[in-house]
Structures are given as C-alpha cells and as structure tokens.
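Structure file model_10.cif (mmCIF, C-alpha atoms) is printed below.
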data_coords
loop_
_atom_site.label_atom_id
_atom_site.label_comp_id
_atom_site.auth_asym_id
_atom_site.auth_seq_id
_atom_site.Cartn_x
_atom_site.Cartn_y
_atom_site.Cartn_z
CA MET A 1 79.28 9.93 -46.51
CA THR A 2 76.88 11.99 -48.58
CA ASP A 3 73.32 11.62 -49.74
CA ASN A 4 72.14 11.52 -53.36
CA TYR A 5 72.46 15.30 -53.59
CA GLY A 6 76.02 15.44 -52.34
CA GLN A 7 75.09 16.66 -48.91
CA PRO A 8 76.91 15.13 -45.95
CA LEU A 9 74.86 12.78 -43.80
CA GLY A 10 74.71 13.27 -40.07
CA ALA A 11 75.24 10.62 -37.47
CA PRO A 12 72.45 7.99 -37.36
CA PRO A 13 69.95 8.32 -34.53
CA ALA A 14 70.85 6.52 -31.37
CA TYR A 15 69.22 3.12 -30.96
CA LYS A 16 67.08 3.18 -27.82
CA GLU A 17 67.22 0.10 -25.76
CA SER A 18 65.87 -0.40 -22.28
CA VAL A 19 64.92 -3.33 -20.19
CA GLY A 20 61.45 -1.84 -19.65
CA ASP A 21 60.79 -1.61 -23.37
CA LEU A 22 61.85 -5.18 -24.04
CA SER A 23 60.09 -6.86 -21.08
CA PRO A 24 56.80 -8.75 -21.79
CA LYS A 25 53.60 -6.75 -21.38
CA TRP A 26 51.17 -7.83 -18.63
CA TRP A 27 48.44 -8.43 -21.18
CA ASP A 28 50.60 -10.66 -23.39
CA ILE A 29 49.40 -14.09 -22.32
CA ARG A 30 52.31 -15.78 -24.16
CA TYR A 31 54.56 -14.80 -21.29
CA TRP A 32 52.18 -15.48 -18.38
CA SER A 33 53.44 -17.60 -15.52
CA TRP A 34 51.42 -20.52 -14.20
CA LYS A 35 50.47 -18.40 -11.16
CA LYS A 36 48.70 -15.84 -13.35
CA TRP A 37 46.80 -18.62 -15.10
CA VAL A 38 45.69 -20.01 -11.74
CA ILE A 39 44.49 -16.59 -10.57
CA LEU A 40 42.55 -16.08 -13.82
CA ALA A 41 40.95 -19.51 -13.56
CA ALA A 42 39.97 -18.89 -9.94
CA GLY A 43 38.41 -15.55 -10.87
CA ILE A 44 36.39 -17.12 -13.68
CA VAL A 45 35.17 -19.88 -11.35
CA VAL A 46 34.07 -17.31 -8.73
CA LEU A 47 32.25 -15.24 -11.39
CA ILE A 48 30.44 -18.34 -12.70
CA VAL A 49 29.42 -19.36 -9.16
CA VAL A 50 28.09 -15.85 -8.42
CA LEU A 51 26.08 -15.85 -11.66
CA ILE A 52 24.66 -19.31 -11.01
CA VAL A 53 23.72 -18.45 -7.42
CA GLY A 54 22.06 -15.24 -8.58
CA ILE A 55 20.09 -17.04 -11.27
CA VAL A 56 19.04 -19.81 -8.88
CA LEU A 57 17.97 -17.38 -6.15
CA GLY A 58 16.13 -15.22 -8.64
CA THR A 59 14.34 -18.24 -10.09
CA ARG A 60 13.43 -19.48 -6.63
CA LYS A 61 12.10 -16.05 -5.69
CA ASN A 62 10.03 -15.82 -8.88
CA ASN A 63 8.62 -19.32 -8.41
CA SER A 64 8.38 -19.40 -4.63
CA TYR A 65 4.92 -18.99 -3.14
CA PRO A 66 3.65 -19.44 0.42
CA ASN A 67 1.37 -22.31 1.31
CA TYR A 68 -2.00 -20.75 2.05
CA THR A 69 -3.43 -23.90 3.59
CA ALA A 70 -7.05 -23.72 4.70
CA LEU A 71 -7.46 -22.49 8.27
CA SER A 72 -10.40 -23.13 10.56
CA TYR A 73 -11.74 -19.72 11.54
CA THR A 74 -13.83 -18.91 14.60
CA LEU A 75 -15.80 -15.70 15.10
CA VAL A 76 -14.25 -13.58 17.86
CA ASP A 77 -15.74 -10.09 17.41
CA THR A 78 -18.78 -8.49 15.78
CA TYR A 79 -19.22 -4.73 15.35
CA SER A 80 -22.84 -4.11 14.43
CA GLU A 81 -26.20 -2.47 15.10
CA GLU A 82 -26.66 0.23 17.75
CA THR A 83 -23.48 -0.79 19.62
CA PHE A 84 -21.25 -0.44 16.53
CA PHE A 85 -19.54 2.73 17.75
CA ASP A 86 -18.96 1.33 21.25
CA ASN A 87 -16.06 -0.61 19.76
CA PHE A 88 -14.19 2.51 18.67
CA ASP A 89 -12.29 5.48 20.02
CA TYR A 90 -12.74 8.84 18.29
CA PHE A 91 -9.47 10.40 17.19
CA THR A 92 -9.68 14.14 17.84
CA GLY A 93 -7.81 17.15 16.52
CA TYR A 94 -6.08 18.03 13.27
CA ASP A 95 -5.25 15.37 10.72
CA PRO A 96 -1.79 13.71 10.81
CA ALA A 97 -1.91 13.54 7.00
CA ALA A 98 -2.30 17.35 6.71
CA GLY A 99 -5.98 17.21 5.80
CA LEU A 100 -8.27 20.22 6.12
CA VAL A 101 -10.44 18.62 8.79
CA HIS A 102 -11.21 18.77 12.48
CA TYR A 103 -11.73 15.24 13.71
CA VAL A 104 -14.34 15.58 16.45
CA PRO A 105 -14.98 13.57 19.63
CA ALA A 106 -18.02 11.34 20.07
CA GLU A 107 -20.13 14.05 21.69
CA MET A 108 -19.63 16.51 18.82
CA ALA A 109 -20.14 13.75 16.28
CA VAL A 110 -23.56 13.11 17.77
CA GLN A 111 -24.31 16.84 18.02
CA TYR A 112 -23.57 17.39 14.32
CA ASN A 113 -25.10 14.06 13.29
CA LEU A 114 -21.79 12.76 11.94
CA THR A 115 -22.10 9.26 13.45
CA TYR A 116 -25.24 7.29 14.14
CA ALA A 117 -26.29 3.65 14.05
CA SER A 118 -29.41 1.56 13.65
CA SER A 119 -30.22 -2.13 13.69
CA SER A 120 -29.06 -2.43 10.08
CA SER A 121 -26.21 0.02 9.55
CA ALA A 122 -23.73 2.55 10.94
CA ILE A 123 -23.08 5.94 9.31
CA ILE A 124 -19.91 8.06 9.34
CA ARG A 125 -20.19 11.37 7.51
CA VAL A 126 -18.63 14.77 6.87
CA ASP A 127 -20.37 17.85 8.27
CA THR A 128 -22.56 19.78 5.83
CA SER A 129 -23.92 22.45 8.18
CA VAL A 130 -20.90 24.68 8.64
CA ASP A 131 -20.01 27.26 5.99
CA ASN A 132 -18.01 30.49 5.80
CA ASN A 133 -20.83 32.51 7.40
CA THR A 134 -21.45 30.33 10.44
CA VAL A 135 -19.81 30.22 13.83
CA PRO A 136 -17.78 28.09 13.85
CA ASN A 137 -16.82 28.12 10.19
CA ALA A 138 -14.64 25.80 8.11
CA GLU A 139 -11.71 28.14 7.50
CA THR A 140 -9.30 25.89 9.37
CA GLY A 141 -11.02 22.61 8.54
CA ARG A 142 -14.41 20.93 8.24
CA PHE A 143 -15.75 18.61 10.93
CA SER A 144 -15.27 14.93 10.18
CA VAL A 145 -14.73 11.61 11.95
CA ARG A 146 -11.87 9.18 12.37
CA LEU A 147 -12.59 5.97 14.29
CA THR A 148 -9.99 3.57 15.72
CA SER A 149 -11.04 0.22 17.15
CA LYS A 150 -10.26 -0.26 20.82
CA LYS A 151 -9.16 -3.82 20.16
CA GLN A 152 -6.01 -4.66 18.23
CA TYR A 153 -5.23 -7.79 16.25
CA GLU A 154 -2.08 -9.68 15.27
CA THR A 155 -3.72 -11.99 12.73
CA GLY A 156 -7.21 -12.81 11.57
CA LEU A 157 -9.84 -12.78 8.86
CA PHE A 158 -11.68 -9.45 8.71
CA ILE A 159 -15.04 -9.23 6.93
CA PHE A 160 -16.36 -5.73 6.18
CA ASP A 161 -19.93 -5.18 4.97
CA VAL A 162 -19.80 -1.82 3.16
CA LYS A 163 -23.08 -0.40 1.86
CA HIS A 164 -21.95 3.04 0.70
CA SER A 165 -18.57 4.60 -0.14
CA PRO A 166 -17.99 8.36 0.37
CA MET A 167 -18.01 10.59 -2.70
CA GLY A 168 -17.20 14.20 -3.52
CA CYS A 169 -14.40 16.52 -4.52
CA ALA A 170 -11.81 17.00 -1.77
CA THR A 171 -12.72 13.72 -0.02
CA TRP A 172 -10.15 11.13 0.97
CA PRO A 173 -12.01 8.25 2.62
CA ALA A 174 -10.31 5.09 3.85
CA LEU A 175 -11.09 1.82 5.60
CA TRP A 176 -7.82 0.44 6.91
CA THR A 177 -5.92 -1.18 9.76
CA SER A 178 -2.81 0.06 11.52
CA ASP A 179 -1.14 0.72 14.86
CA PRO A 180 -1.28 4.54 14.82
CA ASN A 181 1.14 4.89 17.72
CA ASN A 182 3.79 2.81 15.94
CA TRP A 183 3.55 3.75 12.29
CA PRO A 184 5.05 2.65 9.98
CA GLU A 185 6.97 0.14 12.12
CA ASN A 186 3.83 -1.96 12.76
CA GLY A 187 2.47 -1.53 9.26
CA GLU A 188 -0.71 -0.32 7.58
CA ILE A 189 -3.22 -2.26 5.50
CA ASP A 190 -5.60 -0.25 3.30
CA ILE A 191 -8.72 -2.22 2.37
CA MET A 192 -10.71 0.61 0.74
CA GLU A 193 -9.28 3.95 -0.33
CA ALA A 194 -9.88 6.53 -3.05
CA VAL A 195 -9.77 10.31 -3.50
CA ASN A 196 -11.95 12.99 -5.13
CA VAL A 197 -14.50 10.46 -6.32
CA VAL A 198 -17.22 12.06 -8.46
CA GLY A 199 -18.45 9.02 -10.39
CA ASP A 200 -17.11 5.51 -10.86
CA ASP A 201 -13.63 4.98 -9.51
CA GLU A 202 -11.13 2.24 -8.73
CA ASN A 203 -10.68 1.05 -5.17
CA GLN A 204 -7.08 0.72 -4.03
CA MET A 205 -5.70 -1.93 -1.66
CA THR A 206 -2.27 -1.10 -0.28
CA LEU A 207 0.38 -1.98 2.29
CA HIS A 208 2.64 0.61 3.96
CA THR A 209 5.63 -0.65 5.95
CA SER A 210 9.07 0.08 7.30
CA LYS A 211 12.08 -1.18 5.32
CA GLY A 212 12.43 -4.83 4.38
CA CYS A 213 9.08 -5.46 2.69
CA THR A 214 8.68 -5.59 -1.08
CA MET A 215 6.55 -7.26 -3.72
CA LYS A 216 9.10 -6.71 -6.49
CA GLY A 217 9.66 -9.82 -8.58
CA VAL A 218 7.67 -12.15 -6.33
CA LYS A 219 5.01 -14.56 -7.51
CA ARG A 220 1.48 -13.36 -6.75
CA LYS A 221 -1.98 -14.79 -7.36
CA GLN A 222 -4.39 -11.90 -7.77
CA THR A 223 -6.89 -10.42 -10.18
CA GLY A 224 -6.11 -6.77 -9.37
CA LYS A 225 -3.58 -4.54 -11.12
CA THR A 226 -0.23 -4.00 -9.38
CA LEU A 227 0.60 -0.30 -9.08
CA THR A 228 3.86 -0.19 -7.12
CA ALA A 229 6.12 -2.89 -5.68
CA SER A 230 7.91 -1.27 -2.75
CA CYS A 231 5.90 -1.23 0.46
CA LEU A 232 8.42 1.05 2.20
CA ASN A 233 6.68 4.22 3.35
CA SER A 234 9.56 6.50 2.31
CA THR A 235 9.48 5.48 -1.38
CA ASP A 236 7.22 6.81 -4.15
CA GLU A 237 5.88 9.57 -1.87
CA ASN A 238 4.52 6.96 0.55
CA ALA A 239 2.51 5.27 -2.19
CA GLY A 240 3.10 1.86 -0.61
CA CYS A 241 2.72 -1.36 -2.60
CA GLY A 242 -0.74 -0.88 -4.05
CA VAL A 243 -3.17 -2.98 -6.07
CA GLN A 244 -5.95 -1.34 -8.06
CA GLU A 245 -9.39 -2.82 -8.59
CA SER A 246 -11.54 -2.31 -11.68
CA LEU A 247 -13.62 0.78 -12.42
CA GLY A 248 -16.81 0.80 -10.36
CA SER A 249 -15.29 -0.73 -7.23
CA PHE A 250 -15.64 2.66 -5.50
CA GLY A 251 -18.20 5.40 -6.06
CA THR A 252 -21.43 5.54 -8.06
CA THR A 253 -21.81 1.97 -9.31
CA PHE A 254 -20.59 0.47 -6.05
CA ASN A 255 -23.17 2.52 -4.14
CA GLN A 256 -26.02 1.95 -6.57
CA ARG A 257 -25.69 -1.83 -6.30
CA GLY A 258 -25.78 -1.66 -2.51
CA GLY A 259 -22.04 -1.91 -1.96
CA GLY A 260 -20.53 -5.26 -1.16
CA VAL A 261 -18.38 -7.25 1.23
CA LEU A 262 -14.62 -6.89 1.47
CA ALA A 263 -12.48 -9.49 3.20
CA MET A 264 -8.90 -9.19 4.40
CA GLU A 265 -6.89 -12.16 5.63
CA LEU A 266 -3.82 -11.39 7.73
CA ARG A 267 -1.56 -14.39 8.45
CA THR A 268 2.14 -15.21 8.49
CA GLU A 269 2.01 -16.55 4.92
CA GLY A 270 0.78 -13.23 3.58
CA ILE A 271 -2.06 -10.74 3.32
CA ARG A 272 -4.89 -11.29 0.86
CA MET A 273 -7.99 -9.22 0.09
CA TRP A 274 -11.22 -9.98 -1.76
CA ASP A 275 -14.09 -7.77 -2.94
CA PHE A 276 -17.50 -9.40 -3.40
CA THR A 277 -20.44 -7.59 -4.94
CA ARG A 278 -23.69 -7.72 -3.01
CA SER A 279 -25.02 -10.44 -5.33
CA SER A 280 -21.91 -12.64 -5.17
CA ILE A 281 -21.14 -12.88 -1.44
CA PRO A 282 -20.02 -16.46 -0.67
CA SER A 283 -22.52 -18.41 1.37
CA ASP A 284 -19.86 -19.35 3.93
CA ILE A 285 -19.51 -15.65 4.79
CA THR A 286 -23.25 -15.30 5.19
CA ASN A 287 -23.32 -18.47 7.31
CA ARG A 288 -20.43 -17.20 9.49
CA SER A 289 -18.17 -20.10 8.55
CA PRO A 290 -15.77 -18.36 6.12
CA ASP A 291 -13.21 -20.42 4.21
CA PRO A 292 -10.97 -18.26 1.99
CA SER A 293 -9.53 -21.37 0.33
CA THR A 294 -12.83 -21.68 -1.56
CA TRP A 295 -13.05 -18.08 -2.77
CA GLY A 296 -10.71 -18.26 -5.74
CA GLU A 297 -7.90 -15.81 -6.48
CA ALA A 298 -7.79 -12.75 -4.28
CA MET A 299 -8.20 -9.25 -5.63
CA ALA A 300 -4.89 -8.32 -3.95
CA ASP A 301 -2.20 -10.76 -2.83
CA PHE A 302 0.79 -9.74 -0.72
CA PRO A 303 2.78 -12.96 -0.07
CA SER A 304 5.48 -13.24 2.57
CA THR A 305 8.16 -14.15 -0.01
CA ASP A 306 10.12 -10.93 0.47
CA CYS A 307 8.21 -9.51 3.43
CA ASP A 308 8.14 -10.97 6.93
CA ILE A 309 4.46 -10.37 7.63
CA ALA A 310 4.65 -11.19 11.34
CA SER A 311 7.37 -8.60 12.01
CA HIS A 312 5.93 -5.87 9.77
CA PHE A 313 2.29 -6.05 10.88
CA LYS A 314 1.46 -5.94 14.58
CA ASN A 315 -1.26 -4.56 16.84
CA GLN A 316 -3.63 -3.74 13.99
CA SER A 317 -6.63 -1.57 14.87
CA ILE A 318 -9.53 -1.17 12.44
CA ILE A 319 -9.74 2.46 11.30
CA ALA A 320 -12.42 4.25 9.29
CA ASN A 321 -12.25 7.93 8.41
CA ILE A 322 -13.06 10.60 5.85
CA ASP A 323 -10.20 13.01 5.34
CA LEU A 324 -10.44 16.19 3.25
CA CYS A 325 -7.70 17.41 0.92
CA GLY A 326 -4.49 16.37 2.65
CA GLN A 327 -1.30 14.83 1.27
CA TRP A 328 -3.05 12.83 -1.45
CA ALA A 329 -6.46 14.29 -2.33
CA GLY A 330 -5.18 17.84 -1.91
CA GLN A 331 -2.31 17.63 -4.37
CA ALA A 332 -3.08 20.06 -7.18
CA LYS A 333 -2.29 17.53 -9.92
CA VAL A 334 -4.47 14.89 -8.24
CA TYR A 335 -7.37 17.18 -7.39
CA SER A 336 -7.55 18.67 -10.89
CA GLU A 337 -7.98 15.23 -12.47
CA THR A 338 -11.67 15.17 -11.50
CA CYS A 339 -12.44 18.46 -9.73
CA PRO A 340 -12.40 22.19 -10.58
CA GLY A 341 -11.00 25.06 -8.54
CA LEU A 342 -9.00 24.59 -5.37
CA CYS A 343 -9.36 21.76 -2.88
CA GLU A 344 -9.15 24.12 0.10
CA ASP A 345 -11.92 26.35 -1.23
CA GLN A 346 -14.16 23.34 -1.73
CA VAL A 347 -13.78 22.41 1.93
CA LYS A 348 -14.10 25.90 3.38
CA TYR A 349 -16.97 27.32 1.37
CA ASN A 350 -18.97 24.55 -0.30
CA ASN A 351 -20.66 22.73 2.56
CA THR A 352 -23.53 21.33 0.46
CA ALA A 353 -21.02 19.49 -1.74
CA PHE A 354 -20.46 16.89 1.01
CA ALA A 355 -23.98 15.47 1.15
CA ASP A 356 -22.72 12.19 -0.37
CA ALA A 357 -19.52 12.07 1.67
CA TYR A 358 -20.41 9.27 4.05
CA TRP A 359 -19.59 5.66 4.86
CA GLU A 360 -22.43 3.26 5.52
CA PHE A 361 -21.40 -0.03 7.10
CA GLY A 362 -23.47 -3.10 7.79
CA GLU A 363 -21.31 -5.05 10.21
CA PHE A 364 -17.67 -5.91 10.77
CA THR A 365 -16.91 -9.51 11.76
CA ILE A 366 -13.46 -10.67 12.84
CA TYR A 367 -12.40 -14.30 12.83
CA GLN A 368 -9.27 -15.98 14.12
CA SER A 369 -7.87 -19.44 13.46
CA SER A 370 -7.86 -22.06 16.19
#
Kindly return the structure encoded in the file as structure tokens.
Amino acid sequence: MTDNYGQPLGAPPAYKESVGDLSPKWWDIRYWSWKKWVILAAGIVVLIVVLIVGIVLGTRKNNSYPNYTALSYTLVDTYSEETFFDNFDYFTGYDPAAGLVHYVPAEMAVQYNLTYASSSSAIIRVDTSVDNNTVPNAETGRFSVRLTSKKQYETGLFIFDVKHSPMGCATWPALWTSDPNNWPENGEIDIMEAVNVVGDDENQMTLHTSKGCTMKGVKRKQTGKTLTASCLNSTDENAGCGVQESLGSFGTTFNQRGGGVLAMELRTEGIRMWDFTRSSIPSDITNRSPDPSTWGEAMADFPSTDCDIASHFKNQSIIANIDLCGQWAGQAKVYSETCPGLCEDQVKYNNTAFADAYWEFGEFTIYQSS
C-alpha cells in the first residue's frame, strides 16, 4: 500500500489498550459506588455542623456579657493622712523593669524628702538633689520610690484619690496592683500609667496576665479606646490588653484641675475602671457608700467572657512608683516622641528636670462586698 505520492506506507501504530487506561477515574461521579456517596454525604454533614457550631459559639461570645449585678460594699481599709505610708513596704534596689533608678528604703526616702504625708495628702517624688557632681551621683540611677501595700486583696472596690500625676521626660509613673512575687501568674492591673509626659497625655488602663486571658472579640461596655486585645504578658512586647483614656487624663490638665478619683472594681464577673474629674465625683463615693451600678459605663471594661478573673488575679497589692527610662519610657522611639536627647542622659545629668515628677494622693479606700 502506498500513499498519494507512491511511497510505501509503514505498519499502522499499535493500538494501546490497558485496563488502567479504561477504568473509571476516581473523580468521575458517574461511576461512584453507593459507599463513596455515603462518605461524601457524611463529610458534608460534618463540615456543616462544624460551621454552624463555630458561628453559634462566635455569636454567643460576641453577645455574651457578664451580669454585673449591684453589690453591697463595706469599707475595709483606708490609707490616708500621716499614717498613709504605714500601710506600705518600700521596695529597694534596682528596677525589675530595667529602669535607671535606685528604689530607696523608707529611711532614705525621708532623708531625701522623697515621701512625706500630711493630714490632706501623701507625696511620692523623684530625687532632684543628686547630679553628676555630687556624691553619690546618678550615673547608675536616680533615687526614687516604689511602694507595695502590706495587705493583699482577692476582690474589692478600690477608690484612689489622685491630686497630681508625675510629669517629665524619662518618667514612667504607675499606680497599679499586682502580686510581685508571682508575676504574671497572679496578674497585674494598671489603673494609671503614662511615660515621658510633658503636657497633656492619655492615661492608660491595662491588664497583664499569663496565658488564657483575652479581650479579643468579646462584648465590652466602656467609653475608653481599646489598644490591644491580648492580655498575655509575652505578646506585643508585654503591652497587655490596654484601654486609653482621652487627652488630658494624665499630665498638665489633670493636675491643673486638681486631679480626680479613679475607681477599680475587681470581681469574678470582670474588672472595670472609672475616672472621675474632681468636679464630677459621685456623691456615693464621697459619702463612703459607693455603688458602681449607678456610675454609668466604665472607662475600661475587662469582662470575664474569655478570661477567668478569679484564676488570673490573686493576692493583689496596691503599688505606686515612679520609674525612670526602663523598658517602656526608655525606648528610643518612645522617648523621642516627646523628648530630646537621650533618656539616660536626662536621668544622670538633669536633676532639676524632675521637679514635677511626683505623685500626690489624697486617700485610698478599699471596699469589699458582704
């Protein structure tokens, strides 16, 4: 046999036939057995159930909110007047947060006039007498104070009368509660905190915890601005789950109006904090019969929805201190936002810059429910 040009044709190619080539493909549903259809149906049912459960749980989480029923509070402790400092231990030594300070004992605090009290207020301040030409000098840290209450609390309503907040470059003041010997396992509650304040600033209210405590996706009733959701100390450079107040809640304006009263409620349902200006303090606080259920929305609300408050916050001591530089205020990018030069140089050589770096407290009152 030849082609159209007279050339002989070769043998035709062999026809390939194999069982594998002719068998139905796994994806060809026309040849599926009833068993495959059953498996597919079961898989779809499982997927639908998982999606429904996820949606339901997510909806419940977003809508769930603890019942902050009104509690009857009774006054248990008052820190005030000349005996204010009798309620505290003085932490001594270098700062655990890497600050450029020497926290001094009570005797040195009195010697350098860093703590003193009257019938109306208690003062905690940073030393302004030591400079680079004195003995001692501030090369390894400036004298400051860190107080820790002798008594610890599991729950309660804490009322803090704050008349003046510390100011100045390099300062890192805080009013907080914690169990320093078991941190972060027993939690930390920051009621007032700011860094490098040179004018009006925003107060920050924050929780720091071990794992298992988050505010992500949970319903909250607060007027403050949420900064971060994870309370775990090892996330976001230990930022904690913070809430920011408005401008003027720390610094110049706060001090000029005579400060205010801050309240923190610690209970199994959650942790809430309020900030009242001097002219808007509820009468029930003044009358020593506080009822948070009448105060309106809190500035910061940390509900127990995704955080077991009772297991994350134990043995809370009241702590007040003024740190210098350290892990937050001393970060170059943080310090340069409001201050020139280097944080360390400010502490070592500029003693007169700390004249406004002091806390002034009226009284602390602690209530517990019956």
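Atom pair atom CA of A:Asp201 / atom CA of A:Met264 has a distance of 20.4 Å (rounded to one decimal).
Of the listed residues (A:Phe313, A:Trp359, A:Trp183, A:Trp274), A:Trp183 comes nearest to A:Pro96; the distances count only C-alpha atoms.
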Using the chain letters and residue numbers of this document, give as a VMD selection string the residues selected by the PyMOL selection byres ((chain A and resi 366) around 9). chain A and resid 74 to 79 156 to 160 364 to 365 367 to 368
For the file shown, report as number ranges by chain the outcome of the PyMOL selection byres ((chain A and resi 363) around 12) at residue level. A: 77-85, 87, 117-123, 158-163, 260-262, 286, 360-362, 364-366
Please determine, counting all atoms listed in the file, which residue among A:Ala70, A:Ala41, A:Ala239, A:Met192 has the shortest atom-to-atom distance to A:Trp295.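 That would be A:Ala70, the residue with the smallest distance to A:Trp295.
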Using only C-alpha atoms, find the one residue out of A:Ser234, A:Gln111, A:Asn137, A:Asn255 that sits nearest to A:Asp200. A:Asn255
Considering only C-alpha atoms, can you say which of A:Ser72, A:Ser64, A:Ser144, A:Gln204 comes closest to A:Gly248?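 Comparing A:Ser72, A:Ser64, A:Ser144, A:Gln204 against A:Gly248, the winner is A:Gln204.
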Please check which residues have atoms at most 8 Å from (-3.8, -0.4, 16.2) in the file's coordinates, counting only C-alpha atoms, and write them as a PyMOL selection string. chain A and resi 148-153+177-181+314-318
Near A:Thr252, within 10 Å and counting only C-alpha atoms, which residues show up once chain neighbours fewer than 6 positions away are dropped, as a ChimeraX atom specification? /A:164-167,197-201,259
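Candidate residues A:Pro173, A:Leu100, A:Thr294, A:Asn63 were compared for distance to A:Arg220, and the nearest is A:Asn63, using all atoms listed in the file.
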Taking the point (-3.0, -11.6, 9.8) as given in the file, collect each protein or nucleic acid residue that comes within 6 Å of it, counting only C-alpha atoms, and present the set as a PyMOL selection string. chain A and resi 154-156+265-267
Using all atoms listed in the file, which of A:Ala353, A:Cys307, A:Val334, A:Cys169 sits nearest A:Asn196?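 Going through A:Ala353, A:Cys307, A:Val334, A:Cys169 one by one, the smallest distance to A:Asn196 is for A:Cys169.
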Atom CA of A:Pro303 to atom CA of A:Asn186: how many Å, to one decimal?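 Between atom CA of A:Pro303 and atom CA of A:Asn186 the gap is 16.9 Å.
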Using all atoms listed in the file, which protein or nucleic acid residues come within 8 Å of stretch 228-232 of chain A? Drop anything in the same chain fewer than 3 positions from it, and give the result as an MDAnalysis selection string. chainID A and resid 207:216 235 238:243
For stretch 298-306 of chain A, which lacks atoms in the input, supply all heavy atoms and format the output as a compact mmCIF listing (two decimals), keeping the file's coordinate frame.
# COMPACT_ATOMS: atom_id res chain seq x y z
N ALA A 298 -7.50 -14.00 -4.97
CA ALA A 298 -7.79 -12.75 -4.28
C ALA A 298 -7.72 -11.58 -5.25
O ALA A 298 -7.09 -11.66 -6.31
CB ALA A 298 -6.82 -12.55 -3.13
N MET A 299 -8.35 -10.48 -4.86
CA MET A 299 -8.20 -9.25 -5.63
C MET A 299 -6.79 -8.71 -5.47
O MET A 299 -6.17 -8.23 -6.43
CB MET A 299 -9.22 -8.21 -5.15
CG MET A 299 -9.14 -6.87 -5.88
SD MET A 299 -9.47 -7.00 -7.66
CE MET A 299 -11.20 -7.47 -7.64
N ALA A 300 -6.26 -8.78 -4.24
CA ALA A 300 -4.89 -8.32 -3.95
C ALA A 300 -4.19 -9.38 -3.12
O ALA A 300 -4.76 -9.88 -2.14
CB ALA A 300 -4.91 -6.99 -3.22
N ASP A 301 -2.97 -9.72 -3.51
CA ASP A 301 -2.20 -10.76 -2.83
C ASP A 301 -0.84 -10.19 -2.48
O ASP A 301 -0.11 -9.72 -3.35
CB ASP A 301 -2.06 -11.97 -3.76
CG ASP A 301 -1.26 -13.10 -3.14
OD1 ASP A 301 -1.18 -13.16 -1.90
OD2 ASP A 301 -0.72 -13.93 -3.90
N PHE A 302 -0.50 -10.23 -1.20
CA PHE A 302 0.79 -9.74 -0.72
C PHE A 302 1.50 -10.89 0.02
O PHE A 302 1.43 -10.98 1.25
CB PHE A 302 0.61 -8.54 0.21
CG PHE A 302 -0.16 -7.40 -0.41
CD1 PHE A 302 -1.54 -7.28 -0.22
CD2 PHE A 302 0.49 -6.44 -1.18
CE1 PHE A 302 -2.25 -6.23 -0.78
CE2 PHE A 302 -0.22 -5.39 -1.75
CZ PHE A 302 -1.59 -5.28 -1.55
N PRO A 303 2.15 -11.79 -0.71
CA PRO A 303 2.78 -12.96 -0.07
C PRO A 303 4.00 -12.58 0.76
O PRO A 303 4.59 -11.51 0.58
CB PRO A 303 3.17 -13.83 -1.27
CG PRO A 303 3.35 -12.86 -2.39
CD PRO A 303 2.34 -11.77 -2.16
N SER A 304 4.38 -13.48 1.64
CA SER A 304 5.48 -13.24 2.57
C SER A 304 6.84 -13.52 1.95
O SER A 304 7.85 -13.51 2.66
CB SER A 304 5.30 -14.11 3.82
OG SER A 304 5.30 -15.49 3.46
N THR A 305 6.92 -13.76 0.66
CA THR A 305 8.16 -14.15 -0.01
C THR A 305 9.31 -13.22 0.32
O THR A 305 10.40 -13.66 0.69
CB THR A 305 7.94 -14.18 -1.54
OG1 THR A 305 6.76 -14.91 -1.85
CG2 THR A 305 9.14 -14.82 -2.23
N ASP A 306 9.09 -11.94 0.18
CA ASP A 306 10.12 -10.93 0.47
C ASP A 306 9.62 -9.92 1.50
O ASP A 306 10.02 -8.76 1.48
CB ASP A 306 10.53 -10.20 -0.81
CG ASP A 306 11.97 -10.49 -1.21
OD1 ASP A 306 12.62 -11.30 -0.52
OD2 ASP A 306 12.44 -9.92 -2.22
